[in-house]
$ cat target05.cif   # mmCIF, C-alpha atoms
data_work
#
loop_
_atom_site.label_atom_id
_atom_site.label_comp_id
_atom_site.auth_asym_id
_atom_site.auth_seq_id
_atom_site.Cartn_x
_atom_site.Cartn_y
_atom_site.Cartn_z
CA MET K 1 51.52 -6.53 -9.24
CA SER K 2 52.91 -3.40 -7.61
CA LEU K 3 49.49 -2.78 -6.00
CA ASP K 4 49.62 -6.30 -4.50
CA ILE K 5 52.96 -5.56 -2.87
CA TRP K 6 51.89 -2.08 -1.72
CA MET K 7 48.65 -3.35 -0.10
CA ARG K 8 50.52 -6.03 1.81
CA GLU K 9 53.12 -3.53 3.02
CA ASN K 10 50.51 -0.87 3.94
CA PRO K 11 47.36 -2.79 4.92
CA LEU K 12 45.88 -0.07 7.14
CA THR K 13 46.35 2.66 4.51
CA TYR K 14 44.80 0.31 1.95
CA ILE K 15 41.79 -0.31 4.20
CA TRP K 16 41.37 3.36 5.16
CA LEU K 17 41.70 4.83 1.68
CA GLY K 18 40.04 1.99 -0.18
CA SER K 19 37.02 1.26 1.95
CA TYR K 20 36.43 3.73 4.80
CA ALA K 21 37.38 6.91 2.90
CA VAL K 22 35.30 5.80 -0.10
CA ALA K 23 32.30 4.88 2.09
CA PHE K 24 32.40 8.17 4.02
CA LEU K 25 32.83 10.12 0.78
CA ILE K 26 29.75 8.38 -0.62
CA PHE K 27 27.79 9.28 2.54
CA ALA K 28 28.96 12.91 2.32
CA ILE K 29 27.97 13.15 -1.37
CA GLU K 30 24.57 11.60 -0.60
CA VAL K 31 23.88 14.08 2.22
CA ALA K 32 25.01 17.00 0.00
CA MET K 33 22.72 15.81 -2.83
CA VAL K 34 19.73 15.42 -0.49
CA ARG K 35 20.30 18.91 0.96
CA HIS K 36 20.64 20.37 -2.53
CA LYS K 37 17.45 18.66 -3.65
CA ARG K 38 15.58 20.12 -0.66
CA LYS K 39 16.93 23.61 -1.44
CA ILE K 40 15.81 23.36 -5.07
CA THR K 41 12.39 21.95 -4.11
CA LEU K 42 11.85 24.72 -1.56
CA GLN K 43 12.72 27.33 -4.21
CA GLN K 44 10.21 25.77 -6.63
CA VAL K 45 7.48 25.68 -3.98
CA ARG K 46 8.14 29.33 -3.05
CA LEU K 47 8.01 30.31 -6.71
CA LEU K 48 4.71 28.49 -7.12
CA ARG K 49 3.33 30.21 -4.02
CA ASN K 50 4.42 33.66 -5.27
CA VAL K 51 2.80 33.02 -8.67
CA GLY K 52 -0.40 32.03 -6.86
CA ASP K 53 -0.28 35.22 -4.76
CA ASP K 54 0.19 37.43 -7.87
CA GLU K 55 -2.83 35.88 -9.59
CA MET S 1 -2.33 8.95 27.45
CA ALA S 2 -2.55 6.88 24.27
CA ILE S 3 -0.73 8.24 21.21
CA ASN S 4 -2.58 8.08 17.93
CA TRP S 5 0.23 6.70 15.74
CA PHE S 6 -1.98 6.67 12.64
CA LYS S 7 -1.92 10.44 12.48
CA TYR S 8 1.80 10.21 11.60
CA SER S 9 0.94 8.23 8.48
CA ALA S 10 -0.35 11.47 6.94
CA PRO S 11 2.29 13.58 5.14
CA THR S 12 1.02 16.72 6.93
CA THR S 13 1.96 15.46 10.39
CA PHE S 14 4.89 13.27 9.35
CA TYR S 15 6.68 16.18 7.65
CA GLY S 16 7.07 18.04 10.96
CA LEU S 17 7.90 14.91 12.95
CA ALA S 18 10.63 13.92 10.46
CA GLY S 19 12.12 17.41 10.68
CA LYS S 20 12.39 17.10 14.47
CA LEU S 21 13.90 13.58 14.36
CA ILE S 22 16.59 14.13 11.68
CA PRO S 23 19.14 16.00 13.90
CA TRP S 24 18.90 13.31 16.60
CA PHE S 25 19.46 10.44 14.18
CA ALA S 26 22.24 12.26 12.32
CA THR S 27 24.15 13.30 15.46
CA SER S 28 23.86 9.85 17.07
CA SER S 29 25.05 8.26 13.84
CA VAL S 30 28.21 10.40 13.68
CA ILE S 31 29.03 9.79 17.37
CA LEU S 32 28.51 6.02 17.10
CA ALA S 33 30.52 5.78 13.85
CA ALA S 34 33.43 7.56 15.58
CA ILE S 35 33.21 5.14 18.55
CA ALA S 36 33.04 2.14 16.19
CA LEU S 37 36.11 3.32 14.27
CA TYR S 38 38.02 3.84 17.52
CA ILE S 39 37.17 0.33 18.78
CA GLY S 40 37.73 -1.21 15.35
CA PHE S 41 41.15 0.30 14.76
CA TYR S 42 42.60 0.85 18.26
CA VAL S 43 40.99 -1.72 20.56
CA ALA S 44 40.22 -4.76 18.36
CA PRO S 45 43.24 -7.04 17.98
CA THR S 46 44.84 -8.08 14.69
CA ASP S 47 43.37 -11.27 13.22
CA ALA S 48 45.64 -14.33 13.35
CA ILE S 49 44.91 -15.39 9.76
CA GLN S 50 43.73 -12.30 7.88
CA GLY S 51 46.03 -9.79 9.58
CA GLU S 52 44.84 -6.15 9.35
CA PHE S 53 42.70 -6.78 6.26
CA TYR S 54 39.84 -8.18 8.33
CA ARG S 55 39.13 -4.62 9.62
CA ILE S 56 37.19 -4.01 6.39
CA ILE S 57 34.33 -6.05 7.96
CA PHE S 58 33.47 -3.15 10.29
CA ILE S 59 32.02 -1.33 7.26
CA HIS S 60 31.43 -4.30 4.92
CA VAL S 61 29.12 -6.32 7.20
CA PRO S 62 26.92 -3.36 8.32
CA ALA S 63 26.65 -2.16 4.69
CA SER S 64 25.62 -5.66 3.55
CA ILE S 65 23.04 -6.05 6.33
CA LEU S 66 21.64 -2.58 5.64
CA SER S 67 21.41 -3.22 1.89
CA MET S 68 19.23 -6.28 2.52
CA PHE S 69 17.06 -4.84 5.31
CA LEU S 70 16.51 -1.54 3.49
CA TYR S 71 15.30 -3.48 0.46
CA LEU S 72 12.77 -5.38 2.56
CA ILE S 73 11.61 -2.17 4.24
CA MET S 74 11.37 -0.45 0.85
CA ALA S 75 9.36 -3.38 -0.57
CA GLY S 76 7.16 -3.34 2.56
CA TYR S 77 6.38 0.36 2.17
CA ALA S 78 5.83 -0.11 -1.58
CA ALA S 79 3.39 -2.97 -0.87
CA LEU S 80 1.53 -0.84 1.70
CA GLY S 81 1.26 1.96 -0.85
CA LEU S 82 0.04 -0.46 -3.51
CA ILE S 83 -2.56 -2.19 -1.34
CA PHE S 84 -3.84 0.62 0.90
CA LYS S 85 -3.04 3.54 -1.43
CA THR S 86 -1.36 5.41 1.43
CA ARG S 87 0.59 8.33 -0.04
CA LEU S 88 3.33 8.37 2.56
CA SER S 89 4.18 4.67 2.13
CA SER S 90 5.04 5.12 -1.54
CA MET S 91 7.00 8.26 -0.72
CA MET S 92 9.00 6.38 1.92
CA ALA S 93 9.77 3.56 -0.55
CA THR S 94 11.06 6.13 -3.06
CA ALA S 95 13.13 7.82 -0.34
CA ILE S 96 14.77 4.60 0.87
CA ALA S 97 15.82 3.27 -2.58
CA PRO S 98 18.90 5.48 -3.25
CA THR S 99 20.30 4.87 0.26
CA GLY S 100 19.78 1.11 -0.13
CA ALA S 101 21.53 1.21 -3.49
CA LEU S 102 24.49 3.03 -1.96
CA PHE S 103 24.78 0.47 0.84
CA ALA S 104 24.66 -2.35 -1.74
CA PHE S 105 27.41 -0.60 -3.70
CA ILE S 106 29.54 -0.08 -0.55
CA SER S 107 29.03 -3.76 0.33
CA LEU S 108 30.27 -4.87 -3.10
CA TRP S 109 33.11 -2.33 -3.17
CA THR S 110 34.47 -3.17 0.28
CA GLY S 111 33.99 -6.88 -0.44
CA ALA S 112 36.16 -6.52 -3.55
CA LEU S 113 38.81 -4.72 -1.51
CA TRP S 114 38.81 -7.56 1.01
CA GLY S 115 38.73 -10.22 -1.74
CA LYS S 116 41.87 -9.04 -3.48
CA PRO S 117 44.33 -9.71 -0.61
CA MET S 118 42.37 -12.74 0.72
CA TRP S 119 41.26 -14.58 -2.44
CA GLY S 120 43.66 -12.98 -4.93
CA ALA S 121 40.76 -11.58 -6.98
CA TRP S 122 38.60 -8.45 -6.85
CA TRP S 123 35.55 -10.34 -8.09
CA MET S 124 34.32 -13.94 -8.35
CA TRP S 125 31.01 -15.12 -9.80
CA ASP S 126 30.19 -16.54 -6.39
CA ALA S 127 26.53 -17.02 -5.34
CA ARG S 128 26.72 -14.46 -2.50
CA LEU S 129 28.50 -11.83 -4.60
CA THR S 130 26.29 -12.34 -7.64
CA SER S 131 23.04 -12.18 -5.67
CA GLU S 132 24.25 -8.98 -3.94
CA LEU S 133 25.04 -7.52 -7.39
CA ILE S 134 21.48 -8.43 -8.48
CA LEU S 135 20.23 -6.56 -5.38
CA LEU S 136 22.11 -3.44 -6.54
CA PHE S 137 20.53 -3.79 -10.00
CA LEU S 138 17.09 -4.19 -8.40
CA TYR S 139 17.58 -0.94 -6.50
CA LEU S 140 18.76 0.81 -9.67
CA GLY S 141 15.84 -0.69 -11.59
CA PHE S 142 13.38 0.61 -8.97
CA ILE S 143 14.90 4.11 -9.13
CA ALA S 144 15.05 4.14 -12.95
CA LEU S 145 11.51 2.79 -13.37
CA HIS S 146 10.11 5.33 -10.92
CA ALA S 147 11.94 8.18 -12.63
CA SER S 148 10.84 7.13 -16.10
CA ILE S 149 7.09 7.58 -15.41
CA ASP S 150 5.83 11.16 -15.14
CA ASP S 151 2.66 10.47 -13.14
CA PRO S 152 3.83 9.82 -9.53
CA ARG S 153 0.89 7.53 -8.70
CA ARG S 154 1.53 5.32 -11.74
CA ALA S 155 5.28 5.39 -11.04
CA ASP S 156 4.60 4.26 -7.45
CA ARG S 157 2.49 1.31 -8.61
CA ALA S 158 4.95 0.12 -11.29
CA ALA S 159 8.00 0.46 -9.02
CA ALA S 160 6.12 -1.24 -6.15
CA LEU S 161 5.57 -4.35 -8.26
CA LEU S 162 9.29 -4.51 -9.08
CA ALA S 163 10.20 -4.03 -5.41
CA ILE S 164 7.83 -6.79 -4.25
CA VAL S 165 8.99 -9.30 -6.88
CA GLY S 166 12.64 -8.41 -6.22
CA SER S 167 12.33 -9.07 -2.49
CA VAL S 168 12.67 -12.80 -3.33
CA ASN S 169 16.35 -12.04 -3.85
CA VAL S 170 16.97 -11.09 -0.20
CA PRO S 171 16.60 -14.61 1.30
CA ILE S 172 18.64 -15.90 -1.65
CA ILE S 173 21.50 -13.56 -0.63
CA TYR S 174 21.27 -14.60 3.01
CA PHE S 175 21.06 -18.36 2.43
CA SER S 176 23.38 -18.45 -0.61
CA VAL S 177 26.33 -19.47 1.56
CA LYS S 178 24.31 -22.42 2.90
CA TRP S 179 22.56 -23.49 -0.30
CA TRP S 180 25.62 -23.42 -2.55
CA ASN S 181 29.26 -24.23 -2.13
CA THR S 182 30.49 -20.63 -2.13
CA LEU S 183 33.88 -19.02 -1.82
CA HIS S 184 32.31 -16.40 0.45
CA GLN S 185 32.54 -17.49 4.07
CA GLY S 186 29.45 -18.47 6.06
CA SER S 187 28.00 -16.51 8.97
CA THR S 188 30.53 -15.89 11.74
CA ILE S 189 27.84 -14.74 14.16
CA LYS S 190 25.10 -17.31 14.74
CA PHE S 191 22.30 -17.71 17.26
CA SER S 192 24.38 -20.45 18.90
CA GLY S 193 27.28 -18.03 19.53
CA THR S 194 30.39 -16.68 17.87
CA SER S 195 34.14 -17.17 17.89
CA MET S 196 34.74 -13.45 17.28
CA HIS S 197 36.71 -11.36 19.77
CA VAL S 198 34.46 -9.15 21.95
CA ALA S 199 36.08 -5.91 20.70
CA MET S 200 35.49 -6.98 17.08
CA GLN S 201 31.82 -7.63 17.86
CA GLN S 202 31.49 -4.27 19.64
CA ALA S 203 33.02 -2.39 16.68
CA MET S 204 30.83 -4.19 14.16
CA PHE S 205 27.57 -3.78 16.07
CA THR S 206 28.28 -0.13 16.92
CA MET S 207 28.93 0.60 13.24
CA LEU S 208 25.77 -1.32 12.34
CA VAL S 209 23.69 0.93 14.63
CA ALA S 210 25.48 4.02 13.24
CA CYS S 211 24.64 2.92 9.68
CA TRP S 212 21.00 2.33 10.66
CA LEU S 213 20.72 5.80 12.19
CA TYR S 214 22.40 7.34 9.13
CA ALA S 215 20.03 5.52 6.76
CA ILE S 216 16.97 6.66 8.76
CA ALA S 217 18.23 10.28 8.88
CA VAL S 218 18.91 10.42 5.12
CA ALA S 219 15.63 8.69 4.23
CA LEU S 220 13.72 11.19 6.40
CA MET S 221 15.58 14.11 4.78
CA ARG S 222 14.74 12.76 1.34
CA VAL S 223 11.09 12.03 2.13
CA ARG S 224 10.61 15.64 3.30
CA SER S 225 11.69 16.85 -0.15
CA ILE S 226 9.39 14.32 -1.82
CA ILE S 227 6.46 15.48 0.37
CA LEU S 228 7.21 19.11 -0.53
CA GLU S 229 7.35 18.24 -4.23
CA ARG S 230 4.20 16.14 -4.38
CA GLU S 231 2.05 18.26 -2.06
CA ARG S 232 3.24 21.62 -3.42
CA ASN S 233 -0.24 22.65 -4.53
CA THR S 234 -1.79 22.16 -1.09
CA THR S 235 -2.52 24.91 1.42
CA TRP S 236 -0.55 23.37 4.28
CA ILE S 237 2.66 23.41 2.21
CA SER S 238 2.26 27.09 1.30
CA GLU S 239 1.76 27.88 4.99
CA LEU S 240 4.98 26.19 6.15
CA PRO S 241 7.45 28.66 7.76
CA GLU S 242 10.30 27.58 5.42
CA VAL S 243 8.08 28.21 2.37
CA LYS S 244 6.87 31.61 3.64
CA LEU S 245 10.46 32.94 3.95
#
$ encode --input "target05.cif" --output "structure tokens"
Amino acid sequence: MSLDIWMRENPLTYIWLGSYAVAFLIFAIEVAMVRHKRKITLQQVRLLRNVGDDE
Amino acid sequence: MAINWFKYSAPTTFYGLAGKLIPWFATSSVILAAIALYIGFYVAPTDAIQGEFYRIIFIHVPASILSMFLYLIMAGYAALGLIFKTRLSSMMATAIAPTGALFAFISLWTGALWGKPMWGAWWMWDARLTSELILLFLYLGFIALHASIDDPRRADRAAALLAIVGSVNVPIIYFSVKWWNTLHQGSTIKFSGTSMHVAMQQAMFTMLVACWLYAIAVALMRVRSIILERERNTTWISELPEVKL
């Protein structure tokens, strides 16, 4: 009930925090995860290459 | 001079091309999102009925459109991979799925946030909402099925079948507001015109383009990692400058 009153008194804060901030946070986490995945994959590929060179 | 587009269907050439395109798509996406937010919050007027709450549509509508289109593109790539056995197609389908799932989640989340002040409920078992939820589950099913099979080729084939069958859900989402008596409103923008204020349209379409560019940039980033992973035993991968470091 208190949330109902708060959202009607602060609609722009509700919209910003509830939808836009959440959406942009999701995008930021996705980009960070993709970059991390690439870093890990590159490390694995380099490791594989070094093992191949040693043999 | 004619460009041989088919050469970009090979992971060897596409890897480099994707690397060059990512910064352009990412930068344009950020700039356009900033413009869309400025128009949406400072230029577009307050709605006579919904008040300020309608401003959720500037992220809700693009996220919903993207969730549906990305599914069709993913299913298209999966079908190409299944029929023609093209390696890159299956890789692209795998790369698009998580981004599509996130857009479906954002669509449902922002829809719930709009529903609470407008309908008095976060969720209703409405045809549009339920079919969009099924779309999210289809994305998650595709990702889970692909991850559960060790052999990438077999995983591609199994997940492709799910993607193709699931694509039936996309027209159901789109036409749900016409086929059933739903609480969710019908299309505001039609081929015959719209009653929306110009600034509202500008904000929504600018954000839509920004979301498209973001989705392409992230999918390209992800597909580069997938190419690296799957082609790691090949000579061209070991000769890449980033691998030689």
$ closest_residue --input "target05.cif" --among "K:Thr13, K:Gln44, K:Leu25, K:Met7" --to "Ser225 in chain S" --atoms "all atoms listed in the file"
K:Gln44
$ closest_residue --input "target05.cif" --among "S:Ile106, S:Ile65, S:Ala10, S:Ala44" --to "Phe27 in chain K" --atoms "only C-alpha atoms"
S:Ile106
$ resolve_selection --input "target05.cif" --expression "the PyMOL selection byres ((chain S) within 6 of (chain K))" --output "number ranges by chain"
S: 110, 222, 225, 232, 243
$ atom_distance --input "target05.cif" --atom1 "CA of Gly40 in chain S" --atom2 "CA of Val61 in chain S"
12.9 Å
$ residues_around --input "target05.cif" --residues "Ile73 in chain S" --least-positions-apart "4" --cutoff "12 Å" --atoms "only C-alpha atoms" --output "ChimeraX atom specification"
/S:66-69,77-80,89-90,92-97,99-100,160,163-164,167,170,215-216,219
$ atom_distance --input "target05.cif" --atom1 "CA of Leu37 in chain S" --atom2 "CA of Pro98 in chain S"
24.7 Å
$ atom_distance --input "target05.cif" --atom1 "CA of Trp6 in chain K" --atom2 "CA of Leu183 in chain S"
24.7 Å
$ closest_residue --input "target05.cif" --among "S:Ile3, S:Glu239, S:Cys211, S:Asn233" --to "Val51 in chain K" --atoms "all atoms listed in the file"
S:Asn233
$ closest_atom_pairs --input "target05.cif" --of "range 78-112 of chain S" --to "range 131-154 of chain S" --cutoff "7 Å" --atoms "all atoms listed in the file" --output "Markdown table"
| residue | atom | partner | partner_atom | distance |
| --- | --- | --- | --- | --- |
| S:Ala97 | CA | S:Tyr139 | CA | 6.0 |
| S:Ala101 | CA | S:Tyr139 | CA | 5.4 |
| S:Ala104 | CA | S:Leu136 | CA | 5.5 |
| S:Phe105 | CA | S:Leu136 | CA | 6.6 |
$ closest_residue --input "target05.cif" --among "S:Met74, S:Ile83, S:Leu240, S:Leu21" --to "Met221 in chain S" --atoms "only C-alpha atoms"
S:Leu21
$ closest_residue --input "target05.cif" --among "S:Ile35, S:Leu88, S:Val43, S:Ile22" --to "Leu228 in chain S" --atoms "all atoms listed in the file"
S:Leu88
$ resolve_selection --input "target05.cif" --expression "the PyMOL selection byres ((chain S and resi 118-122) around 12)" --output "ChimeraX atom specification"
/K:1,3-4,7-8,11 /S:49-54,56,108-117,123-126,129,183-185
$ decode --input "target05.cif" --residues "range 108-127 of chain S" --atoms "C-alpha atoms" --output "PDB file, in the first residue's frame"
ATOM      1  CA  LEU S 108       8.021  -8.312 -18.931  1.00  0.00           C
ATOM      2  CA  TRP S 109       9.671  -6.371 -16.103  1.00  0.00           C
ATOM      3  CA  THR S 110       8.873  -2.918 -17.473  1.00  0.00           C
ATOM      4  CA  GLY S 111       5.380  -4.107 -18.415  1.00  0.00           C
ATOM      5  CA  ALA S 112       4.802  -5.137 -14.790  1.00  0.00           C
ATOM      6  CA  LEU S 113       6.024  -1.743 -13.614  1.00  0.00           C
ATOM      7  CA  TRP S 114       3.580  -0.034 -15.963  1.00  0.00           C
ATOM      8  CA  GLY S 115       0.758  -2.456 -15.063  1.00  0.00           C
ATOM      9  CA  LYS S 116       0.842  -1.750 -11.353  1.00  0.00           C
ATOM     10  CA  PRO S 117      -0.154   1.952 -11.513  1.00  0.00           C
ATOM     11  CA  MET S 118      -2.379   1.496 -14.612  1.00  0.00           C
ATOM     12  CA  TRP S 119      -4.172  -1.817 -13.985  1.00  0.00           C
ATOM     13  CA  GLY S 120      -3.560  -2.111 -10.239  1.00  0.00           C
ATOM     14  CA  ALA S 121      -1.664  -5.393 -10.704  1.00  0.00           C
ATOM     15  CA  TRP S 122       1.932  -6.357 -11.497  1.00  0.00           C
ATOM     16  CA  TRP S 123       0.820  -9.386 -13.492  1.00  0.00           C
ATOM     17  CA  MET S 124      -2.314 -10.670 -15.236  1.00  0.00           C
ATOM     18  CA  TRP S 125      -2.701 -13.969 -17.097  1.00  0.00           C
ATOM     19  CA  ASP S 126      -3.471 -11.949 -20.205  1.00  0.00           C
ATOM     20  CA  ALA S 127      -2.827 -13.460 -23.675  1.00  0.00           C
TER      21      ALA S 127
END
